[in-house]
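Structure data follow from input_27.cif (mmCIF, all heavy atoms):
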data_protein
loop_
_atom_site.label_atom_id
_atom_site.label_comp_id
_atom_site.auth_asym_id
_atom_site.auth_seq_id
_atom_site.Cartn_x
_atom_site.Cartn_y
_atom_site.Cartn_z
N MET A 1362 135.42 41.98 69.25
CA MET A 1362 134.11 41.82 69.84
C MET A 1362 133.06 42.37 68.88
O MET A 1362 133.36 43.04 67.94
CB MET A 1362 134.03 42.58 71.16
CG MET A 1362 134.99 42.12 72.19
SD MET A 1362 134.45 40.59 72.90
CE MET A 1362 135.67 40.41 74.14
N CYS A 1363 131.83 42.11 69.22
CA CYS A 1363 130.77 42.56 68.33
C CYS A 1363 129.80 43.49 69.07
O CYS A 1363 128.61 43.46 68.82
CB CYS A 1363 130.05 41.36 67.75
SG CYS A 1363 129.05 41.81 66.32
N PHE A 1364 130.34 44.32 69.96
CA PHE A 1364 129.48 45.26 70.65
C PHE A 1364 128.89 46.26 69.68
O PHE A 1364 127.77 46.71 69.84
CB PHE A 1364 130.25 45.98 71.76
CG PHE A 1364 130.64 45.08 72.89
CD1 PHE A 1364 131.95 44.65 73.01
CD2 PHE A 1364 129.72 44.66 73.81
CE1 PHE A 1364 132.32 43.82 74.04
CE2 PHE A 1364 130.07 43.83 74.85
CZ PHE A 1364 131.38 43.40 74.97
N GLN A 1365 129.66 46.63 68.64
CA GLN A 1365 129.16 47.58 67.65
C GLN A 1365 128.06 46.97 66.79
O GLN A 1365 127.35 47.68 66.10
CB GLN A 1365 130.29 48.13 66.78
CG GLN A 1365 130.91 47.14 65.84
CD GLN A 1365 132.09 46.37 66.44
OE1 GLN A 1365 132.28 46.37 67.66
NE2 GLN A 1365 132.86 45.72 65.62
N CYS A 1366 127.91 45.64 66.83
CA CYS A 1366 126.83 44.97 66.08
C CYS A 1366 125.47 45.22 66.74
O CYS A 1366 124.45 44.90 66.15
CB CYS A 1366 127.08 43.47 66.02
SG CYS A 1366 128.55 42.99 65.12
N ARG A 1367 125.49 45.73 67.95
CA ARG A 1367 124.28 45.92 68.74
C ARG A 1367 123.52 44.62 68.95
O ARG A 1367 122.29 44.58 68.93
CB ARG A 1367 123.39 46.99 68.11
CG ARG A 1367 124.04 48.33 68.08
CD ARG A 1367 123.15 49.38 67.46
NE ARG A 1367 123.88 50.61 67.31
CZ ARG A 1367 123.60 51.72 67.99
NH1 ARG A 1367 122.62 51.74 68.83
NH2 ARG A 1367 124.32 52.79 67.79
N SER A 1368 124.28 43.56 69.10
CA SER A 1368 123.72 42.24 69.35
C SER A 1368 124.31 41.70 70.65
O SER A 1368 125.47 41.25 70.67
CB SER A 1368 124.04 41.30 68.20
OG SER A 1368 123.68 39.98 68.53
N PRO A 1369 123.55 41.74 71.74
CA PRO A 1369 124.08 41.22 73.00
C PRO A 1369 124.50 39.76 72.91
O PRO A 1369 125.48 39.35 73.54
CB PRO A 1369 122.91 41.40 73.98
CG PRO A 1369 122.11 42.51 73.41
CD PRO A 1369 122.23 42.34 71.92
N ALA A 1370 123.80 38.98 72.10
CA ALA A 1370 124.17 37.56 71.98
C ALA A 1370 125.52 37.39 71.28
O ALA A 1370 126.34 36.58 71.70
CB ALA A 1370 123.08 36.80 71.22
N ALA A 1371 125.76 38.18 70.24
CA ALA A 1371 127.04 38.12 69.55
C ALA A 1371 128.17 38.61 70.46
O ALA A 1371 129.27 38.03 70.48
CB ALA A 1371 126.99 38.93 68.28
N ALA A 1372 127.90 39.66 71.23
CA ALA A 1372 128.90 40.17 72.16
C ALA A 1372 129.19 39.14 73.24
O ALA A 1372 130.34 38.97 73.66
CB ALA A 1372 128.42 41.46 72.78
N LEU A 1373 128.17 38.44 73.68
CA LEU A 1373 128.36 37.40 74.69
C LEU A 1373 129.23 36.28 74.14
O LEU A 1373 130.12 35.78 74.84
CB LEU A 1373 127.01 36.85 75.14
CG LEU A 1373 127.04 35.74 76.20
CD1 LEU A 1373 127.75 36.22 77.45
CD2 LEU A 1373 125.62 35.29 76.52
N ALA A 1374 129.01 35.89 72.91
CA ALA A 1374 129.84 34.86 72.29
C ALA A 1374 131.30 35.30 72.22
O ALA A 1374 132.22 34.53 72.53
CB ALA A 1374 129.32 34.51 70.90
N GLY A 1375 131.52 36.55 71.85
CA GLY A 1375 132.89 37.07 71.79
C GLY A 1375 133.53 37.11 73.16
O GLY A 1375 134.71 36.77 73.31
N SER A 1376 132.77 37.51 74.17
CA SER A 1376 133.29 37.54 75.53
C SER A 1376 133.62 36.14 76.03
O SER A 1376 134.63 35.94 76.72
CB SER A 1376 132.28 38.19 76.48
OG SER A 1376 132.13 39.54 76.19
N ALA A 1377 132.79 35.19 75.70
CA ALA A 1377 133.05 33.80 76.11
C ALA A 1377 134.32 33.27 75.46
O ALA A 1377 135.12 32.58 76.11
CB ALA A 1377 131.86 32.91 75.76
N LEU A 1378 134.53 33.62 74.20
CA LEU A 1378 135.77 33.21 73.53
C LEU A 1378 136.99 33.86 74.18
O LEU A 1378 138.03 33.23 74.33
CB LEU A 1378 135.71 33.55 72.04
CG LEU A 1378 134.76 32.71 71.21
CD1 LEU A 1378 134.68 33.25 69.78
CD2 LEU A 1378 135.17 31.25 71.22
N LEU A 1379 136.85 35.12 74.57
CA LEU A 1379 137.94 35.79 75.28
C LEU A 1379 138.23 35.10 76.60
O LEU A 1379 139.39 34.92 76.97
CB LEU A 1379 137.59 37.26 75.51
CG LEU A 1379 138.63 38.08 76.28
CD1 LEU A 1379 139.94 38.17 75.50
CD2 LEU A 1379 138.08 39.47 76.56
N ASP A 1380 137.19 34.69 77.32
CA ASP A 1380 137.38 33.98 78.59
C ASP A 1380 138.14 32.67 78.38
O ASP A 1380 139.04 32.34 79.16
CB ASP A 1380 136.04 33.70 79.26
CG ASP A 1380 135.38 34.95 79.80
OD1 ASP A 1380 136.08 35.96 79.99
OD2 ASP A 1380 134.15 34.91 80.02
N LEU A 1381 137.78 31.94 77.34
CA LEU A 1381 138.49 30.69 77.05
C LEU A 1381 139.95 30.96 76.72
O LEU A 1381 140.85 30.24 77.18
CB LEU A 1381 137.80 29.95 75.91
CG LEU A 1381 136.44 29.35 76.20
CD1 LEU A 1381 135.82 28.80 74.93
CD2 LEU A 1381 136.54 28.28 77.27
N SER A 1382 140.19 31.98 75.93
CA SER A 1382 141.55 32.34 75.57
C SER A 1382 142.36 32.76 76.80
O SER A 1382 143.51 32.38 76.96
CB SER A 1382 141.53 33.48 74.55
OG SER A 1382 142.83 33.90 74.25
N ASN A 1383 141.74 33.54 77.69
CA ASN A 1383 142.42 33.96 78.91
C ASN A 1383 142.76 32.77 79.80
O ASN A 1383 143.85 32.71 80.37
CB ASN A 1383 141.55 34.95 79.70
CG ASN A 1383 141.51 36.31 79.07
OD1 ASN A 1383 142.39 36.68 78.31
ND2 ASN A 1383 140.47 37.06 79.37
N ALA A 1384 141.83 31.84 79.94
CA ALA A 1384 142.09 30.67 80.76
C ALA A 1384 143.25 29.86 80.20
O ALA A 1384 144.13 29.40 80.95
CB ALA A 1384 140.83 29.80 80.86
N ASP A 1385 143.29 29.71 78.89
CA ASP A 1385 144.38 28.98 78.26
C ASP A 1385 145.70 29.73 78.44
O ASP A 1385 146.74 29.12 78.71
CB ASP A 1385 144.08 28.75 76.78
CG ASP A 1385 145.13 27.90 76.11
OD1 ASP A 1385 145.44 26.81 76.65
OD2 ASP A 1385 145.64 28.31 75.05
N LEU A 1386 145.68 31.05 78.31
CA LEU A 1386 146.89 31.86 78.50
C LEU A 1386 147.43 31.70 79.91
O LEU A 1386 148.63 31.47 80.10
CB LEU A 1386 146.59 33.33 78.21
CG LEU A 1386 147.72 34.31 78.54
CD1 LEU A 1386 148.93 34.06 77.66
CD2 LEU A 1386 147.23 35.74 78.42
N VAL A 1387 146.56 31.82 80.90
CA VAL A 1387 147.00 31.68 82.30
C VAL A 1387 147.57 30.29 82.53
O VAL A 1387 148.63 30.13 83.15
CB VAL A 1387 145.85 31.99 83.28
CG1 VAL A 1387 146.22 31.62 84.70
CG2 VAL A 1387 145.45 33.46 83.18
N ARG A 1388 146.91 29.27 82.01
CA ARG A 1388 147.37 27.89 82.20
C ARG A 1388 148.75 27.68 81.58
O ARG A 1388 149.66 27.16 82.23
CB ARG A 1388 146.36 26.92 81.58
CG ARG A 1388 146.73 25.45 81.72
CD ARG A 1388 145.77 24.55 80.97
NE ARG A 1388 145.69 24.83 79.54
CZ ARG A 1388 146.57 24.38 78.63
NH1 ARG A 1388 147.58 23.64 79.02
NH2 ARG A 1388 146.42 24.67 77.36
N ARG A 1389 148.92 28.12 80.34
CA ARG A 1389 150.20 27.90 79.65
C ARG A 1389 151.31 28.77 80.25
O ARG A 1389 152.44 28.32 80.39
CB ARG A 1389 150.05 28.18 78.16
CG ARG A 1389 149.25 27.10 77.46
CD ARG A 1389 149.21 27.28 75.95
NE ARG A 1389 148.58 28.54 75.58
CZ ARG A 1389 149.11 29.41 74.72
NH1 ARG A 1389 150.25 29.17 74.13
NH2 ARG A 1389 148.47 30.52 74.43
N ALA A 1390 150.99 30.00 80.60
CA ALA A 1390 152.01 30.89 81.16
C ALA A 1390 152.45 30.41 82.54
O ALA A 1390 153.64 30.45 82.87
CB ALA A 1390 151.48 32.31 81.23
N ALA A 1391 151.51 29.94 83.36
CA ALA A 1391 151.84 29.46 84.69
C ALA A 1391 152.72 28.22 84.64
O ALA A 1391 153.53 27.98 85.53
CB ALA A 1391 150.58 29.20 85.49
N ARG A 1392 152.56 27.44 83.59
CA ARG A 1392 153.40 26.26 83.41
C ARG A 1392 154.85 26.67 83.17
O ARG A 1392 155.77 25.99 83.60
CB ARG A 1392 152.89 25.44 82.23
CG ARG A 1392 152.99 23.96 82.44
CD ARG A 1392 152.64 23.19 81.20
NE ARG A 1392 151.21 23.07 81.02
CZ ARG A 1392 150.63 22.70 79.91
NH1 ARG A 1392 151.34 22.43 78.84
NH2 ARG A 1392 149.32 22.59 79.84
N THR A 1393 155.04 27.78 82.48
CA THR A 1393 156.37 28.26 82.14
C THR A 1393 156.99 29.09 83.25
O THR A 1393 158.17 28.97 83.55
CB THR A 1393 156.31 29.12 80.86
OG1 THR A 1393 155.70 28.36 79.83
CG2 THR A 1393 157.67 29.57 80.42
N ASN A 1394 156.18 29.95 83.86
CA ASN A 1394 156.68 30.88 84.86
C ASN A 1394 155.62 31.03 85.96
O ASN A 1394 154.55 31.57 85.70
CB ASN A 1394 156.96 32.23 84.20
CG ASN A 1394 157.56 33.23 85.14
OD1 ASN A 1394 157.67 32.99 86.33
ND2 ASN A 1394 157.94 34.38 84.60
N PRO A 1395 155.91 30.59 87.17
CA PRO A 1395 154.91 30.66 88.25
C PRO A 1395 154.41 32.07 88.55
O PRO A 1395 153.28 32.24 89.01
CB PRO A 1395 155.65 30.08 89.46
CG PRO A 1395 156.73 29.25 88.88
CD PRO A 1395 157.13 29.90 87.60
N THR A 1396 155.19 33.09 88.28
CA THR A 1396 154.72 34.46 88.55
C THR A 1396 153.68 34.89 87.52
O THR A 1396 153.05 35.94 87.70
CB THR A 1396 155.89 35.46 88.55
OG1 THR A 1396 156.53 35.45 87.29
CG2 THR A 1396 156.89 35.13 89.65
N ALA A 1397 153.48 34.11 86.48
CA ALA A 1397 152.45 34.44 85.49
C ALA A 1397 151.05 34.31 86.06
O ALA A 1397 150.09 34.75 85.43
CB ALA A 1397 152.60 33.54 84.27
N ALA A 1398 150.93 33.76 87.24
CA ALA A 1398 149.63 33.69 87.90
C ALA A 1398 149.08 35.09 88.17
O ALA A 1398 147.89 35.25 88.46
CB ALA A 1398 149.72 32.90 89.20
N ALA A 1399 149.92 36.10 88.01
CA ALA A 1399 149.47 37.48 88.17
C ALA A 1399 148.46 37.85 87.09
O ALA A 1399 147.76 38.86 87.21
CB ALA A 1399 150.67 38.43 88.11
N LEU A 1400 148.34 37.04 86.05
CA LEU A 1400 147.34 37.28 85.01
C LEU A 1400 145.93 36.86 85.45
O LEU A 1400 144.95 37.21 84.79
CB LEU A 1400 147.70 36.50 83.74
CG LEU A 1400 148.97 36.92 83.01
CD1 LEU A 1400 149.32 35.90 81.94
CD2 LEU A 1400 148.78 38.28 82.40
N THR A 1401 145.84 36.13 86.54
CA THR A 1401 144.56 35.61 87.00
C THR A 1401 143.52 36.71 87.27
O THR A 1401 142.36 36.55 86.89
CB THR A 1401 144.75 34.72 88.24
OG1 THR A 1401 145.67 33.68 87.88
CG2 THR A 1401 143.47 34.11 88.71
N PRO A 1402 143.88 37.83 87.90
CA PRO A 1402 142.87 38.87 88.11
C PRO A 1402 142.28 39.41 86.81
O PRO A 1402 141.09 39.71 86.75
CB PRO A 1402 143.61 39.96 88.88
CG PRO A 1402 144.71 39.24 89.56
CD PRO A 1402 145.12 38.15 88.62
N TYR A 1403 143.09 39.52 85.77
CA TYR A 1403 142.57 39.97 84.48
C TYR A 1403 141.55 38.97 83.95
O TYR A 1403 140.47 39.36 83.48
CB TYR A 1403 143.71 40.16 83.48
CG TYR A 1403 143.21 40.41 82.08
CD1 TYR A 1403 142.60 41.62 81.75
CD2 TYR A 1403 143.32 39.45 81.09
CE1 TYR A 1403 142.13 41.86 80.47
CE2 TYR A 1403 142.85 39.67 79.81
CZ TYR A 1403 142.25 40.87 79.51
OH TYR A 1403 141.77 41.09 78.25
N ALA A 1404 141.89 37.68 84.03
CA ALA A 1404 140.97 36.65 83.56
C ALA A 1404 139.67 36.68 84.37
O ALA A 1404 138.58 36.54 83.81
CB ALA A 1404 141.63 35.28 83.64
N ALA A 1405 139.79 36.90 85.67
CA ALA A 1405 138.59 36.96 86.53
C ALA A 1405 137.75 38.19 86.18
O ALA A 1405 136.52 38.10 86.15
CB ALA A 1405 139.00 36.99 87.99
N TRP A 1406 138.40 39.31 85.92
CA TRP A 1406 137.67 40.53 85.55
C TRP A 1406 136.92 40.33 84.24
O TRP A 1406 135.77 40.75 84.11
CB TRP A 1406 138.65 41.70 85.46
CG TRP A 1406 137.97 42.99 85.13
CD1 TRP A 1406 137.98 43.64 83.95
CD2 TRP A 1406 137.13 43.76 86.00
NE1 TRP A 1406 137.21 44.78 84.04
CE2 TRP A 1406 136.69 44.87 85.28
CE3 TRP A 1406 136.73 43.60 87.33
CZ2 TRP A 1406 135.86 45.84 85.84
CZ3 TRP A 1406 135.89 44.57 87.87
CH2 TRP A 1406 135.47 45.66 87.14
N CYS A 1407 137.56 39.68 83.28
CA CYS A 1407 136.89 39.41 82.00
C CYS A 1407 135.71 38.46 82.20
O CYS A 1407 134.67 38.61 81.56
CB CYS A 1407 137.88 38.84 80.99
SG CYS A 1407 139.06 40.06 80.39
N ALA A 1408 135.86 37.48 83.08
CA ALA A 1408 134.76 36.56 83.36
C ALA A 1408 133.59 37.31 84.01
O ALA A 1408 132.42 37.04 83.70
CB ALA A 1408 135.24 35.43 84.27
N PHE A 1409 133.89 38.26 84.88
CA PHE A 1409 132.85 39.08 85.49
C PHE A 1409 132.12 39.91 84.41
O PHE A 1409 130.89 39.99 84.41
CB PHE A 1409 133.47 40.00 86.55
CG PHE A 1409 132.49 40.96 87.15
CD1 PHE A 1409 131.45 40.51 87.96
CD2 PHE A 1409 132.60 42.32 86.91
CE1 PHE A 1409 130.54 41.40 88.52
CE2 PHE A 1409 131.70 43.22 87.47
CZ PHE A 1409 130.67 42.76 88.27
N ALA A 1410 132.88 40.47 83.49
CA ALA A 1410 132.28 41.23 82.39
C ALA A 1410 131.39 40.32 81.54
O ALA A 1410 130.33 40.75 81.07
CB ALA A 1410 133.36 41.88 81.54
N THR A 1411 131.80 39.09 81.35
CA THR A 1411 130.98 38.14 80.59
C THR A 1411 129.67 37.86 81.32
O THR A 1411 128.61 37.77 80.70
CB THR A 1411 131.76 36.83 80.34
OG1 THR A 1411 132.95 37.15 79.61
CG2 THR A 1411 130.94 35.83 79.56
N ALA A 1412 129.75 37.73 82.64
CA ALA A 1412 128.53 37.51 83.43
C ALA A 1412 127.58 38.71 83.30
O ALA A 1412 126.36 38.52 83.16
CB ALA A 1412 128.88 37.26 84.89
N LEU A 1413 128.12 39.91 83.33
CA LEU A 1413 127.28 41.09 83.14
C LEU A 1413 126.65 41.10 81.75
O LEU A 1413 125.47 41.40 81.59
CB LEU A 1413 128.09 42.36 83.35
CG LEU A 1413 128.58 42.64 84.77
CD1 LEU A 1413 129.44 43.90 84.77
CD2 LEU A 1413 127.41 42.79 85.73
N ASN A 1414 127.46 40.75 80.76
CA ASN A 1414 126.97 40.70 79.39
C ASN A 1414 125.88 39.64 79.24
O ASN A 1414 124.89 39.84 78.53
CB ASN A 1414 128.14 40.42 78.45
CG ASN A 1414 127.79 40.67 77.01
OD1 ASN A 1414 126.66 40.99 76.67
ND2 ASN A 1414 128.76 40.50 76.15
N ALA A 1415 126.04 38.51 79.90
CA ALA A 1415 125.04 37.45 79.85
C ALA A 1415 123.71 37.94 80.43
O ALA A 1415 122.64 37.64 79.89
CB ALA A 1415 125.52 36.21 80.60
N ASP A 1416 123.79 38.72 81.50
CA ASP A 1416 122.56 39.26 82.10
C ASP A 1416 121.89 40.24 81.13
O ASP A 1416 120.67 40.21 80.98
CB ASP A 1416 122.88 39.94 83.42
CG ASP A 1416 121.62 40.35 84.16
OD1 ASP A 1416 120.75 39.49 84.38
OD2 ASP A 1416 121.51 41.56 84.48
N ILE A 1417 122.68 41.06 80.48
CA ILE A 1417 122.12 42.01 79.50
C ILE A 1417 121.47 41.24 78.36
O ILE A 1417 120.35 41.56 77.93
CB ILE A 1417 123.21 42.95 78.97
CG1 ILE A 1417 123.63 43.92 80.08
CG2 ILE A 1417 122.74 43.71 77.75
CD1 ILE A 1417 124.87 44.72 79.78
N ALA A 1418 122.15 40.20 77.86
CA ALA A 1418 121.59 39.41 76.76
C ALA A 1418 120.29 38.73 77.18
O ALA A 1418 119.32 38.70 76.44
CB ALA A 1418 122.61 38.37 76.30
N ARG A 1419 120.27 38.22 78.42
CA ARG A 1419 119.05 37.56 78.93
C ARG A 1419 117.89 38.54 79.02
O ARG A 1419 116.77 38.23 78.65
CB ARG A 1419 119.33 36.94 80.31
CG ARG A 1419 118.16 36.20 80.90
CD ARG A 1419 118.43 35.73 82.31
NE ARG A 1419 118.76 36.79 83.24
CZ ARG A 1419 117.86 37.56 83.85
NH1 ARG A 1419 116.58 37.39 83.62
NH2 ARG A 1419 118.24 38.51 84.70
N ARG A 1420 118.17 39.75 79.48
CA ARG A 1420 117.12 40.75 79.63
C ARG A 1420 116.61 41.30 78.30
O ARG A 1420 115.54 41.88 78.24
CB ARG A 1420 117.62 41.92 80.49
CG ARG A 1420 117.83 41.53 81.93
CD ARG A 1420 118.48 42.68 82.69
NE ARG A 1420 118.86 42.28 84.01
CZ ARG A 1420 118.39 42.87 85.11
NH1 ARG A 1420 117.56 43.87 85.03
NH2 ARG A 1420 118.80 42.44 86.28
N ASN A 1421 117.40 41.13 77.23
CA ASN A 1421 117.03 41.68 75.94
C ASN A 1421 116.56 40.60 74.97
O ASN A 1421 116.60 40.82 73.75
CB ASN A 1421 118.21 42.44 75.32
CG ASN A 1421 118.39 43.77 76.00
OD1 ASN A 1421 117.50 44.61 75.97
ND2 ASN A 1421 119.53 43.96 76.62
N LEU A 1422 116.14 39.47 75.47
CA LEU A 1422 115.63 38.44 74.58
C LEU A 1422 114.36 38.95 73.89
O LEU A 1422 113.51 39.58 74.50
CB LEU A 1422 115.29 37.15 75.36
CG LEU A 1422 116.50 36.36 75.85
CD1 LEU A 1422 116.02 35.18 76.69
CD2 LEU A 1422 117.33 35.87 74.70
N GLY A 1423 114.26 38.64 72.63
CA GLY A 1423 113.02 38.99 71.98
C GLY A 1423 113.12 39.94 70.86
O GLY A 1423 113.86 40.53 70.30
#

Represent the structure of the file as structure tokens.
Amino acid sequence: MCFQCRSPAAALAGSALLDLSNADLVRRAARTNPTAAALTPYAAWCAFATALNADIARRNLG
């Protein structure tokens, strides 16, 4: 991530990439093992963190 860059936009981009990776992981793992759906709360938590980061980035425009 780029939180140390002190750039909310860069951190948001990194978080969005993590969300995409998590969604792909859950999809592929669930195809192999149905109990892998237990990864869903982690993916949801990361998506929530991305939403918070998006709000911070929006408030710091300029």

Evaluate the PyMOL selection byres (((chain A and resi 1374 and name CA) around 12) and name CA) and report residues as a short mmCIF file (atom, residue, chain, number, x, y, z; two decimals) with all heavy atoms, in the frame of the given file:
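Generated file (result_16.cif):
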data_model
loop_
_atom_site.label_atom_id
_atom_site.label_comp_id
_atom_site.auth_asym_id
_atom_site.auth_seq_id
_atom_site.Cartn_x
_atom_site.Cartn_y
_atom_site.Cartn_z
N MET A 1362 135.42 41.98 69.25
CA MET A 1362 134.11 41.82 69.84
C MET A 1362 133.06 42.37 68.88
O MET A 1362 133.36 43.04 67.94
CB MET A 1362 134.03 42.58 71.16
CG MET A 1362 134.99 42.12 72.19
SD MET A 1362 134.45 40.59 72.90
CE MET A 1362 135.67 40.41 74.14
N CYS A 1363 131.83 42.11 69.22
CA CYS A 1363 130.77 42.56 68.33
C CYS A 1363 129.80 43.49 69.07
O CYS A 1363 128.61 43.46 68.82
CB CYS A 1363 130.05 41.36 67.75
SG CYS A 1363 129.05 41.81 66.32
N PHE A 1364 130.34 44.32 69.96
CA PHE A 1364 129.48 45.26 70.65
C PHE A 1364 128.89 46.26 69.68
O PHE A 1364 127.77 46.71 69.84
CB PHE A 1364 130.25 45.98 71.76
CG PHE A 1364 130.64 45.08 72.89
CD1 PHE A 1364 131.95 44.65 73.01
CD2 PHE A 1364 129.72 44.66 73.81
CE1 PHE A 1364 132.32 43.82 74.04
CE2 PHE A 1364 130.07 43.83 74.85
CZ PHE A 1364 131.38 43.40 74.97
N SER A 1368 124.28 43.56 69.10
CA SER A 1368 123.72 42.24 69.35
C SER A 1368 124.31 41.70 70.65
O SER A 1368 125.47 41.25 70.67
CB SER A 1368 124.04 41.30 68.20
OG SER A 1368 123.68 39.98 68.53
N PRO A 1369 123.55 41.74 71.74
CA PRO A 1369 124.08 41.22 73.00
C PRO A 1369 124.50 39.76 72.91
O PRO A 1369 125.48 39.35 73.54
CB PRO A 1369 122.91 41.40 73.98
CG PRO A 1369 122.11 42.51 73.41
CD PRO A 1369 122.23 42.34 71.92
N ALA A 1370 123.80 38.98 72.10
CA ALA A 1370 124.17 37.56 71.98
C ALA A 1370 125.52 37.39 71.28
O ALA A 1370 126.34 36.58 71.70
CB ALA A 1370 123.08 36.80 71.22
N ALA A 1371 125.76 38.18 70.24
CA ALA A 1371 127.04 38.12 69.55
C ALA A 1371 128.17 38.61 70.46
O ALA A 1371 129.27 38.03 70.48
CB ALA A 1371 126.99 38.93 68.28
N ALA A 1372 127.90 39.66 71.23
CA ALA A 1372 128.90 40.17 72.16
C ALA A 1372 129.19 39.14 73.24
O ALA A 1372 130.34 38.97 73.66
CB ALA A 1372 128.42 41.46 72.78
N LEU A 1373 128.17 38.44 73.68
CA LEU A 1373 128.36 37.40 74.69
C LEU A 1373 129.23 36.28 74.14
O LEU A 1373 130.12 35.78 74.84
CB LEU A 1373 127.01 36.85 75.14
CG LEU A 1373 127.04 35.74 76.20
CD1 LEU A 1373 127.75 36.22 77.45
CD2 LEU A 1373 125.62 35.29 76.52
N GLY A 1375 131.52 36.55 71.85
CA GLY A 1375 132.89 37.07 71.79
C GLY A 1375 133.53 37.11 73.16
O GLY A 1375 134.71 36.77 73.31
N SER A 1376 132.77 37.51 74.17
CA SER A 1376 133.29 37.54 75.53
C SER A 1376 133.62 36.14 76.03
O SER A 1376 134.63 35.94 76.72
CB SER A 1376 132.28 38.19 76.48
OG SER A 1376 132.13 39.54 76.19
N ALA A 1377 132.79 35.19 75.70
CA ALA A 1377 133.05 33.80 76.11
C ALA A 1377 134.32 33.27 75.46
O ALA A 1377 135.12 32.58 76.11
CB ALA A 1377 131.86 32.91 75.76
N LEU A 1378 134.53 33.62 74.20
CA LEU A 1378 135.77 33.21 73.53
C LEU A 1378 136.99 33.86 74.18
O LEU A 1378 138.03 33.23 74.33
CB LEU A 1378 135.71 33.55 72.04
CG LEU A 1378 134.76 32.71 71.21
CD1 LEU A 1378 134.68 33.25 69.78
CD2 LEU A 1378 135.17 31.25 71.22
N LEU A 1379 136.85 35.12 74.57
CA LEU A 1379 137.94 35.79 75.28
C LEU A 1379 138.23 35.10 76.60
O LEU A 1379 139.39 34.92 76.97
CB LEU A 1379 137.59 37.26 75.51
CG LEU A 1379 138.63 38.08 76.28
CD1 LEU A 1379 139.94 38.17 75.50
CD2 LEU A 1379 138.08 39.47 76.56
N ASP A 1380 137.19 34.69 77.32
CA ASP A 1380 137.38 33.98 78.59
C ASP A 1380 138.14 32.67 78.38
O ASP A 1380 139.04 32.34 79.16
CB ASP A 1380 136.04 33.70 79.26
CG ASP A 1380 135.38 34.95 79.80
OD1 ASP A 1380 136.08 35.96 79.99
OD2 ASP A 1380 134.15 34.91 80.02
N LEU A 1381 137.78 31.94 77.34
CA LEU A 1381 138.49 30.69 77.05
C LEU A 1381 139.95 30.96 76.72
O LEU A 1381 140.85 30.24 77.18
CB LEU A 1381 137.80 29.95 75.91
CG LEU A 1381 136.44 29.35 76.20
CD1 LEU A 1381 135.82 28.80 74.93
CD2 LEU A 1381 136.54 28.28 77.27
N THR A 1411 131.80 39.09 81.35
CA THR A 1411 130.98 38.14 80.59
C THR A 1411 129.67 37.86 81.32
O THR A 1411 128.61 37.77 80.70
CB THR A 1411 131.76 36.83 80.34
OG1 THR A 1411 132.95 37.15 79.61
CG2 THR A 1411 130.94 35.83 79.56
N ALA A 1412 129.75 37.73 82.64
CA ALA A 1412 128.53 37.51 83.43
C ALA A 1412 127.58 38.71 83.30
O ALA A 1412 126.36 38.52 83.16
CB ALA A 1412 128.88 37.26 84.89
N ASN A 1414 127.46 40.75 80.76
CA ASN A 1414 126.97 40.70 79.39
C ASN A 1414 125.88 39.64 79.24
O ASN A 1414 124.89 39.84 78.53
CB ASN A 1414 128.14 40.42 78.45
CG ASN A 1414 127.79 40.67 77.01
OD1 ASN A 1414 126.66 40.99 76.67
ND2 ASN A 1414 128.76 40.50 76.15
N ALA A 1415 126.04 38.51 79.90
CA ALA A 1415 125.04 37.45 79.85
C ALA A 1415 123.71 37.94 80.43
O ALA A 1415 122.64 37.64 79.89
CB ALA A 1415 125.52 36.21 80.60
N ALA A 1418 122.15 40.20 77.86
CA ALA A 1418 121.59 39.41 76.76
C ALA A 1418 120.29 38.73 77.18
O ALA A 1418 119.32 38.70 76.44
CB ALA A 1418 122.61 38.37 76.30
#

Between atom CA of Ala1384 of chain A and atom CA of Ala1404 of chain A, what is the spacing in Å?
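About the pair atom CA of Ala1404 of chain A and atom CA of Ala1384 of chain A: they are 6.7 Å apart.
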
Mind pulling up the distance from atom CB of Arg1367 of chain A to atom CA of Ile1417 of chain A?
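Atom CB of Arg1367 of chain A lies 12.5 Å from atom CA of Ile1417 of chain A.
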
Please list as a list in words every residue within 6 Å of Leu1400 of chain A, counting all heavy atoms and excluding residues in the same chain fewer than 5 positions away.
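Listed by chain and then number, they are Leu1386, Val1387, Ala1390 and Ala1405 of chain A.
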
Quick check, in Å to one decimal: how far apart do atom C of Ala1391 of chain A and atom N of Leu1413 of chain A lie?
27.3 Å
